[in-house]
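See below for the structure under consideration.
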Amino acid sequence: MALVQSFGAAETVTGSCHLLHIKQGPNILIDCGYFQGHTEQSNTDAFGFDPKSVDILLLTHAHLDHCGRIPKLVKDGFDGRIISTRATLDLAEVIMLDSAKIAEEDFATQLKKARRRGDQSRVTEPLYTAEDVRAVFDLNIQYADYDTPIKATNEVTLTFRNAGHILGSATIQIDYKEQGQAKTVVFSGDLGNRTDIVMAEPTAVKKTDALYIESTYGDRDHRSLEASIQEFKEAIINTLERNGNVLIPSFAVERTQEILVLLKQMYYSKELPECKVFVDSPMAIRATKIYNQYHHQLNQEAQDLFQKDGSVFDFPNLEYTPGGNDSMRINEASERCIIIAGSGMCSGGRILHHFKHRLWDERNSVIFVGYQVQGTLGRNMVDGAESIHIYHEEIKVNAEVFMINGFSAHADQSELLNWMSKFEKLDNVYLIHGERDKQAVFKKAIEDKLHKKVHIVKYAEEVWV
């Protein structure tokens, strides 16, 4: 039997990291992600295994909580092979470099303050630098195509299937032999929805002895996408028609691209009032270019937009503002603007600059299109904060605030159950990448509706598959 241990995304959502040890075969690590929010684990902790012992790293997709500790893994001794889709590694490079930039800037700020007070003892080095990120891409990298088996070793065959979550995302099927017996384990990665604005629907898998499946929203169903799109359009139209501005704090990968597709569709259907649209995030701009480069992997609606004018996202009213001076010039447009900027939870980034200049004006609106974690500035605004403190200044929240919940890139309970129901052979189910209370609800739903054996995986627990 093979052994699986989860050193992240076990009874929590972030830090995805799962080690598969095949007897007389390779040690395979599936993801090496960053812990985000309040977790018992720290990104600076030791991995719980020897990075030098890992032969192959498989990457399901490019979100930080799945790829964010790869540079640390390499720093700590991993020098094996990385296998991933090409789109995933292109996006992962952007995301890891951005993470390194933030860490290096934070370190420089801490160091400056420490020198002024004469005590540098509590200043911690950044988890990794841009140079460490570049070292990742000096390793042996092999690119996977969807539905095309890869002979990783004599004992192991890998098949990447489209997970429909973000560009390049994959469910990974691992077929191996132990003492002549054929075995299969599947890692779902993060799964998307069948009705996504940009992504194609997740590909079904036919058989497995063991399924490791994400359970982020295993306890509930999302609000319908159609209702969310309608609410989004109404908020945009009503704000622009009163000569206001729309501020959209947005995540750089997937959510920004979804918003751009909706706005482009509104433009061509003549639903979008006269306005200027700005994408004011260097990271989102780079990610959008990568999405456009791999347009053939997106859904039919996105490909139809590409066929119309050679771009999935661009349209005449849209302007990208990569530089700081470009961003500041947006202030010259006093009305009828849509400004898409990071960060998605308002924990930093250029969106704060736009809040300072526009949040106090009751003609304007803020549209949140992604989950806001407890304790973030975004969550405070969604919860009705009357004012916020940014740049040493108190800013009144007079703008109308919308929270639109239906744009999640994660499958909800019904979508997860539907995807699982397509298996012709499914012996054991292991829940990862979810909060414990939500996993308990999902476990019962699987047992009641699919009649499968389900286990909630604990951190570092030894699971034989």
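We name chains A, B, ... following the order of the structure tokens; residues begin at 1 in each chain, and ligands are numbered from 1 as shown.
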Margin query: Env of Glu231 in chain A: 12 Å cut, atoms = only C-alpha atoms, seq-sep filter 6 positions within chain, self excluded. Answer as an MDAnalysis selection string.
Written below: chainID A and resid 223:225 237:238 367:369 402:407
Check: DSSP on the backbone: what in range 87-300 of chain A comes out alpha helix (DSSP H), as a ChimeraX atom specification?
Finding: /A:87-117,130-136,225-241,255-268,282-293,300
Writing out the chosen residues with C-alpha atoms as a PDB file, in the first residue's frame:
ATOM      1  CA  ALA A  87      -0.382  27.748 -17.913  1.00  0.00           C
ATOM      2  CA  THR A  88      -0.174  26.932 -14.206  1.00  0.00           C
ATOM      3  CA  LEU A  89       3.578  27.508 -14.060  1.00  0.00           C
ATOM      4  CA  ASP A  90       3.270  30.746 -16.051  1.00  0.00           C
ATOM      5  CA  LEU A  91       0.732  32.048 -13.519  1.00  0.00           C
ATOM      6  CA  ALA A  92       2.634  30.610 -10.550  1.00  0.00           C
ATOM      7  CA  GLU A  93       5.737  32.568 -11.540  1.00  0.00           C
ATOM      8  CA  VAL A  94       3.738  35.817 -11.458  1.00  0.00           C
ATOM      9  CA  ILE A  95       2.145  34.952  -8.110  1.00  0.00           C
ATOM     10  CA  MET A  96       5.342  33.774  -6.396  1.00  0.00           C
ATOM     11  CA  LEU A  97       7.310  36.814  -7.624  1.00  0.00           C
ATOM     12  CA  ASP A  98       4.588  39.092  -6.257  1.00  0.00           C
ATOM     13  CA  SER A  99       4.702  37.242  -2.930  1.00  0.00           C
ATOM     14  CA  ALA A 100       8.499  37.632  -2.815  1.00  0.00           C
ATOM     15  CA  LYS A 101       8.231  41.348  -3.638  1.00  0.00           C
ATOM     16  CA  ILE A 102       5.791  41.944  -0.781  1.00  0.00           C
ATOM     17  CA  ALA A 103       7.961  39.946   1.644  1.00  0.00           C
ATOM     18  CA  GLU A 104      11.120  41.843   0.638  1.00  0.00           C
ATOM     19  CA  GLU A 105       9.357  45.213   0.960  1.00  0.00           C
ATOM     20  CA  ASP A 106       7.993  44.270   4.398  1.00  0.00           C
ATOM     21  CA  PHE A 107      11.476  43.188   5.479  1.00  0.00           C
ATOM     22  CA  ALA A 108      13.004  46.470   4.303  1.00  0.00           C
ATOM     23  CA  THR A 109      10.364  48.453   6.214  1.00  0.00           C
ATOM     24  CA  GLN A 110      10.861  46.388   9.399  1.00  0.00           C
ATOM     25  CA  LEU A 111      14.626  46.785   9.134  1.00  0.00           C
ATOM     26  CA  LYS A 112      14.395  50.564   8.737  1.00  0.00           C
ATOM     27  CA  LYS A 113      12.174  50.884  11.807  1.00  0.00           C
ATOM     28  CA  ALA A 114      14.405  48.528  13.802  1.00  0.00           C
ATOM     29  CA  ARG A 115      17.515  50.541  13.000  1.00  0.00           C
ATOM     30  CA  ARG A 116      15.798  53.715  14.134  1.00  0.00           C
ATOM     31  CA  ARG A 117      14.940  52.176  17.515  1.00  0.00           C
ATOM     32  CA  ALA A 130      12.758  36.927  -6.111  1.00  0.00           C
ATOM     33  CA  GLU A 131      16.080  35.144  -6.614  1.00  0.00           C
ATOM     34  CA  ASP A 132      14.687  32.108  -4.777  1.00  0.00           C
ATOM     35  CA  VAL A 133      11.655  32.122  -7.079  1.00  0.00           C
ATOM     36  CA  ARG A 134      13.889  32.148 -10.138  1.00  0.00           C
ATOM     37  CA  ALA A 135      15.756  29.134  -8.731  1.00  0.00           C
ATOM     38  CA  VAL A 136      12.505  27.135  -8.940  1.00  0.00           C
ATOM     39  CA  LEU A 225     -24.552  32.872 -10.952  1.00  0.00           C
ATOM     40  CA  GLU A 226     -27.393  34.383 -12.992  1.00  0.00           C
ATOM     41  CA  ALA A 227     -28.723  36.318  -9.983  1.00  0.00           C
ATOM     42  CA  SER A 228     -25.215  37.512  -9.104  1.00  0.00           C
ATOM     43  CA  ILE A 229     -24.544  38.743 -12.642  1.00  0.00           C
ATOM     44  CA  GLN A 230     -27.849  40.617 -12.655  1.00  0.00           C
ATOM     45  CA  GLU A 231     -27.051  42.293  -9.328  1.00  0.00           C
ATOM     46  CA  PHE A 232     -23.582  43.194 -10.619  1.00  0.00           C
ATOM     47  CA  LYS A 233     -24.975  44.771 -13.779  1.00  0.00           C
ATOM     48  CA  GLU A 234     -27.594  46.776 -11.889  1.00  0.00           C
ATOM     49  CA  ALA A 235     -24.983  48.132  -9.457  1.00  0.00           C
ATOM     50  CA  ILE A 236     -22.740  49.178 -12.369  1.00  0.00           C
ATOM     51  CA  ILE A 237     -25.525  50.800 -14.395  1.00  0.00           C
ATOM     52  CA  ASN A 238     -27.157  52.650 -11.481  1.00  0.00           C
ATOM     53  CA  THR A 239     -23.838  54.068 -10.271  1.00  0.00           C
ATOM     54  CA  LEU A 240     -22.717  55.266 -13.693  1.00  0.00           C
ATOM     55  CA  GLU A 241     -26.111  56.796 -14.489  1.00  0.00           C
ATOM     56  CA  ARG A 255     -11.865  37.184 -10.564  1.00  0.00           C
ATOM     57  CA  THR A 256     -10.446  40.151 -12.503  1.00  0.00           C
ATOM     58  CA  GLN A 257     -10.726  38.176 -15.736  1.00  0.00           C
ATOM     59  CA  GLU A 258     -14.357  37.261 -14.970  1.00  0.00           C
ATOM     60  CA  ILE A 259     -15.237  40.909 -14.318  1.00  0.00           C
ATOM     61  CA  LEU A 260     -13.595  41.979 -17.583  1.00  0.00           C
ATOM     62  CA  VAL A 261     -15.585  39.390 -19.552  1.00  0.00           C
ATOM     63  CA  LEU A 262     -18.843  40.616 -17.986  1.00  0.00           C
ATOM     64  CA  LEU A 263     -17.984  44.242 -18.769  1.00  0.00           C
ATOM     65  CA  LYS A 264     -16.983  43.395 -22.342  1.00  0.00           C
ATOM     66  CA  GLN A 265     -20.254  41.512 -22.857  1.00  0.00           C
ATOM     67  CA  MET A 266     -22.142  44.509 -21.444  1.00  0.00           C
ATOM     68  CA  TYR A 267     -20.244  46.805 -23.821  1.00  0.00           C
ATOM     69  CA  TYR A 268     -21.131  44.799 -26.932  1.00  0.00           C
ATOM     70  CA  PRO A 282       0.260  45.168 -12.281  1.00  0.00           C
ATOM     71  CA  MET A 283      -0.270  41.564 -11.171  1.00  0.00           C
ATOM     72  CA  ALA A 284      -3.793  41.411 -12.618  1.00  0.00           C
ATOM     73  CA  ILE A 285      -2.534  42.905 -15.883  1.00  0.00           C
ATOM     74  CA  ARG A 286       0.136  40.198 -16.193  1.00  0.00           C
ATOM     75  CA  ALA A 287      -2.366  37.483 -15.301  1.00  0.00           C
ATOM     76  CA  THR A 288      -4.866  38.782 -17.868  1.00  0.00           C
ATOM     77  CA  LYS A 289      -2.220  38.572 -20.601  1.00  0.00           C
ATOM     78  CA  ILE A 290      -1.537  34.952 -19.644  1.00  0.00           C
ATOM     79  CA  TYR A 291      -5.261  34.127 -19.705  1.00  0.00           C
ATOM     80  CA  ASN A 292      -5.536  35.649 -23.162  1.00  0.00           C
ATOM     81  CA  GLN A 293      -2.490  33.664 -24.318  1.00  0.00           C
ATOM     82  CA  GLN A 300     -16.885  28.766 -25.405  1.00  0.00           C
TER      83      GLN A 300
END
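Going from CA of Ala182 in chain A over to CA of Val465 in chain A, you cover 12.0 Å.
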Item checked: Which of A:Gln374, A:Ser250, A:Thr12, A:Ser281 sits closest to Gln439 in chain A [using only C-alpha atoms] ->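 Of A:Gln374, A:Ser250, A:Thr12, A:Ser281, the one nearest Gln439 in chain A, counting only C-alpha atoms, is A:Thr12.
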Next item on the list: With a distance cut-off of 7 Å and only C-alpha atoms, select the neighbouring residues of range 156-173 of chain A, excluding the residue or stretch itself and same-chain residues fewer than 4 positions from it, and output the selection as a PyMOL selection string.
Entry: chain A and resi 60-61+85+87-88+144-152+185-193+199-203+254+291+409-410
Margin query: Could you check the closest approach to Glu274 in chain A for each of A:Cys337, A:Gln307, A:Val246, A:Val457 and tell me which residue wins, using only C-alpha atoms?
Written below: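 For Glu274 in chain A, the nearest of the given residues is A:Cys337.
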When you look at Ile446 in chain A with a cut-off of 9 Å (counting only C-alpha atoms), what residues show up, excluding the ones that are within fewer than 6 positions of it in the same chain? I need them as an mmCIF file with C-alpha atoms, in the first residue's frame.
data_model
loop_
_atom_site.group_PDB
_atom_site.id
_atom_site.type_symbol
_atom_site.label_atom_id
_atom_site.label_comp_id
_atom_site.auth_asym_id
_atom_site.auth_seq_id
_atom_site.Cartn_x
_atom_site.Cartn_y
_atom_site.Cartn_z
ATOM 1 C CA LEU A 417 -21.430 15.766 -5.387
ATOM 2 C CA VAL A 429 -13.040 9.463 -0.010
ATOM 3 C CA LYS A 452 -19.255 6.180 0.148
ATOM 4 C CA LYS A 453 -16.787 5.752 2.993
ATOM 5 C CA VAL A 454 -15.493 9.191 4.004
#
6 Å contact set for Tyr459 in chain A, only C-alpha atoms, chain neighbours under 5 positions out, as a PDB file with N, CA and C atoms, in the first residue's frame:
ATOM      1  N   SER A   6      -0.743  14.547   4.832  1.00  0.00           N
ATOM      2  CA  SER A   6      -1.090  15.915   4.453  1.00  0.00           C
ATOM      3  C   SER A   6      -0.435  16.884   5.438  1.00  0.00           C
ATOM      4  N   PHE A   7       0.469  17.707   4.915  1.00  0.00           N
ATOM      5  CA  PHE A   7       1.183  18.679   5.727  1.00  0.00           C
ATOM      6  C   PHE A   7       0.655  20.091   5.486  1.00  0.00           C
ATOM      7  N   ALA A  10      -5.262  20.447   5.836  1.00  0.00           N
ATOM      8  CA  ALA A  10      -5.863  19.373   6.611  1.00  0.00           C
ATOM      9  C   ALA A  10      -6.659  20.025   7.739  1.00  0.00           C
TER      10      ALA A  10
END
Notebook entry, point to check: From the list A:Glu301, A:Asp138, A:Asp209, A:Glu435, which residue is nearest Thr14 in chain A when using only C-alpha atoms?
Noted result: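 Going through A:Glu301, A:Asp138, A:Asp209, A:Glu435 one by one, the smallest distance to Thr14 in chain A is for A:Glu435.
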Next item on the list: DSSP on the backbone, then: every residue of range 89-261 of chain A marked strand (DSSP E or B), written as a VMD selection string.
Entry: chain A and resid 140 to 144 150 to 151 156 to 162 170 to 178 181 to 187 199 207 to 214 217 246 to 249
With N, CA and C atoms retained, write the just-selected residues as a compact mmCIF listing (two decimals), in the first residue's frame.
# COMPACT_ATOMS: atom_id res chain seq x y z
N ASN A 140 14.34 20.77 -13.12
CA ASN A 140 13.81 19.97 -14.23
C ASN A 140 12.29 20.09 -14.24
N ILE A 141 11.76 20.79 -15.24
CA ILE A 141 10.32 21.04 -15.33
C ILE A 141 9.75 20.27 -16.51
N GLN A 142 8.65 19.58 -16.27
CA GLN A 142 7.96 18.84 -17.32
C GLN A 142 6.53 19.35 -17.39
N TYR A 143 6.07 19.66 -18.59
CA TYR A 143 4.73 20.21 -18.76
C TYR A 143 3.74 19.11 -19.11
N ALA A 144 2.57 19.19 -18.49
CA ALA A 144 1.51 18.21 -18.72
C ALA A 144 0.42 18.81 -19.59
N ILE A 150 1.30 10.70 -18.57
CA ILE A 150 2.74 10.90 -18.48
C ILE A 150 3.34 9.74 -17.70
N LYS A 151 4.32 9.08 -18.29
CA LYS A 151 5.02 8.00 -17.59
C LYS A 151 6.09 8.65 -16.72
N VAL A 156 4.86 4.56 -12.13
CA VAL A 156 3.86 5.61 -11.94
C VAL A 156 3.50 6.29 -13.26
N THR A 157 2.18 6.40 -13.50
CA THR A 157 1.66 7.16 -14.63
C THR A 157 0.75 8.28 -14.10
N LEU A 158 0.93 9.47 -14.62
CA LEU A 158 0.17 10.64 -14.18
C LEU A 158 -0.74 11.13 -15.29
N THR A 159 -1.96 11.52 -14.95
CA THR A 159 -2.86 12.13 -15.91
C THR A 159 -3.48 13.38 -15.30
N PHE A 160 -3.23 14.52 -15.94
CA PHE A 160 -3.80 15.80 -15.51
C PHE A 160 -5.12 16.02 -16.25
N ARG A 161 -6.17 16.37 -15.51
CA ARG A 161 -7.47 16.65 -16.12
C ARG A 161 -7.93 18.03 -15.69
N ASN A 162 -8.66 18.70 -16.56
CA ASN A 162 -9.07 20.08 -16.29
C ASN A 162 -9.98 20.14 -15.07
N ALA A 170 -5.77 21.70 -12.41
CA ALA A 170 -5.84 20.28 -12.76
C ALA A 170 -6.25 19.41 -11.57
N THR A 171 -7.04 18.41 -11.90
CA THR A 171 -7.21 17.23 -11.06
C THR A 171 -6.15 16.23 -11.52
N ILE A 172 -5.46 15.59 -10.56
CA ILE A 172 -4.34 14.72 -10.93
C ILE A 172 -4.66 13.27 -10.55
N GLN A 173 -4.63 12.42 -11.56
CA GLN A 173 -4.83 10.98 -11.38
C GLN A 173 -3.47 10.30 -11.39
N ILE A 174 -3.19 9.55 -10.32
CA ILE A 174 -1.90 8.87 -10.18
C ILE A 174 -2.14 7.37 -10.20
N ASP A 175 -1.71 6.73 -11.26
CA ASP A 175 -1.81 5.27 -11.39
C ASP A 175 -0.44 4.66 -11.10
N TYR A 176 -0.42 3.63 -10.27
CA TYR A 176 0.86 3.01 -9.92
C TYR A 176 0.65 1.52 -9.66
N LYS A 177 1.74 0.82 -9.59
CA LYS A 177 1.69 -0.62 -9.32
C LYS A 177 2.52 -0.92 -8.08
N GLU A 178 1.96 -1.75 -7.22
CA GLU A 178 2.68 -2.25 -6.06
C GLU A 178 2.57 -3.76 -6.03
N GLN A 181 0.19 -5.18 -8.47
CA GLN A 181 -1.23 -4.81 -8.37
C GLN A 181 -1.42 -3.36 -8.78
N ALA A 182 -2.38 -3.09 -9.69
CA ALA A 182 -2.67 -1.74 -10.17
C ALA A 182 -3.49 -0.98 -9.13
N LYS A 183 -3.07 0.25 -8.83
CA LYS A 183 -3.76 1.10 -7.87
C LYS A 183 -3.89 2.51 -8.44
N THR A 184 -4.91 3.24 -7.96
CA THR A 184 -5.11 4.62 -8.42
C THR A 184 -5.48 5.50 -7.23
N VAL A 185 -4.85 6.67 -7.15
CA VAL A 185 -5.26 7.71 -6.20
C VAL A 185 -5.44 9.00 -6.99
N VAL A 186 -6.49 9.73 -6.65
CA VAL A 186 -6.81 10.97 -7.36
C VAL A 186 -6.82 12.13 -6.37
N PHE A 187 -6.16 13.23 -6.73
CA PHE A 187 -6.21 14.48 -5.98
C PHE A 187 -7.01 15.48 -6.81
N MET A 199 -14.13 29.82 -17.22
CA MET A 199 -13.52 28.50 -17.29
C MET A 199 -14.47 27.45 -17.87
N LYS A 207 -12.29 6.37 -12.41
CA LYS A 207 -12.06 5.36 -11.38
C LYS A 207 -10.94 5.77 -10.44
N THR A 208 -11.06 5.35 -9.19
CA THR A 208 -9.97 5.52 -8.24
C THR A 208 -10.21 4.64 -7.02
N ASP A 209 -9.11 4.23 -6.41
CA ASP A 209 -9.21 3.53 -5.13
C ASP A 209 -9.36 4.52 -4.00
N ALA A 210 -8.77 5.71 -4.17
CA ALA A 210 -8.82 6.73 -3.13
C ALA A 210 -8.93 8.10 -3.78
N LEU A 211 -9.86 8.92 -3.28
CA LEU A 211 -10.05 10.28 -3.78
C LEU A 211 -9.77 11.27 -2.66
N TYR A 212 -8.79 12.14 -2.86
CA TYR A 212 -8.55 13.28 -1.97
C TYR A 212 -9.24 14.49 -2.61
N ILE A 213 -10.30 14.98 -1.96
CA ILE A 213 -11.13 16.01 -2.58
C ILE A 213 -11.24 17.25 -1.70
N GLU A 214 -11.17 18.40 -2.32
CA GLU A 214 -11.35 19.67 -1.61
C GLU A 214 -12.78 19.77 -1.08
N TYR A 217 -16.42 24.56 0.10
CA TYR A 217 -17.84 24.90 0.23
C TYR A 217 -18.69 23.63 0.29
N VAL A 246 -17.34 53.39 -9.89
CA VAL A 246 -17.45 52.06 -9.31
C VAL A 246 -16.05 51.57 -8.95
N LEU A 247 -15.85 51.21 -7.67
CA LEU A 247 -14.59 50.65 -7.21
C LEU A 247 -14.78 49.16 -6.97
N ILE A 248 -13.94 48.34 -7.61
CA ILE A 248 -14.05 46.88 -7.48
C ILE A 248 -12.73 46.33 -6.95
N PRO A 249 -12.66 46.05 -5.62
CA PRO A 249 -11.47 45.35 -5.11
C PRO A 249 -11.50 43.91 -5.65
Next item on the list: Tell me which of A:Glu461, A:Glu155, A:Asp280, A:Phe49 sits closest to Gly349 in chain A, counting only C-alpha atoms.
Entry: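 Residue with the minimum atom-to-atom distance to Gly349 in chain A: A:Asp280.
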Item checked: For Val4 in chain A, the nearest of the candidates A:Gly218, A:Ser16, A:Leu29, A:Thr321, counting only C-alpha atoms ->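 Under the stated criterion, the closest residue is A:Leu29.
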Margin query: Quick one: residues within 8 Å of Glu386 in chain A, only C-alpha atoms, excluding same-chain residues fewer than 2 positions away - as a list in words?
Written below: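 Near neighbours after the sequence-gap exclusion: Met381, Gly384, Ile388, Lys396, Val397 and Asn398 of chain A.
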Next item on the list: Write out as a VMD selection string the residues lying within 9 Å of Lys23 in chain A, counting only C-alpha atoms and excluding same-chain residues fewer than 5 positions away.
Entry: chain A and resid 1 to 3 178
Go ahead and save the residues from that selection, with C-alpha atoms, as a PDB file, in the first residue's frame.
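What follows is the written file result.pdb:
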ATOM      1  CA  MET A   1       0.000   0.000   0.000  1.00  0.00           C
ATOM      2  CA  ALA A   2       1.024   3.626  -0.539  1.00  0.00           C
ATOM      3  CA  LEU A   3       1.199   6.180   2.266  1.00  0.00           C
ATOM      4  CA  GLU A 178       2.675  -2.246  -6.057  1.00  0.00           C
TER       5      GLU A 178
END
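Closest to Gly244 in chain A among A:Lys270, A:Lys308, A:Arg363, A:Arg350 is A:Arg363, based on only C-alpha atoms.
Across the structure, CA of Asp76 in chain A and CA of Lys52 in chain A are spaced 7.6 Å apart.
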Note to self: For a test of reading the model, state the distance in Å between CA of Pro316 in chain A and CA of Leu359 in chain A, rounded to one decimal.
What the structure shows: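 Computing it gives 26.6 Å between the two atoms.
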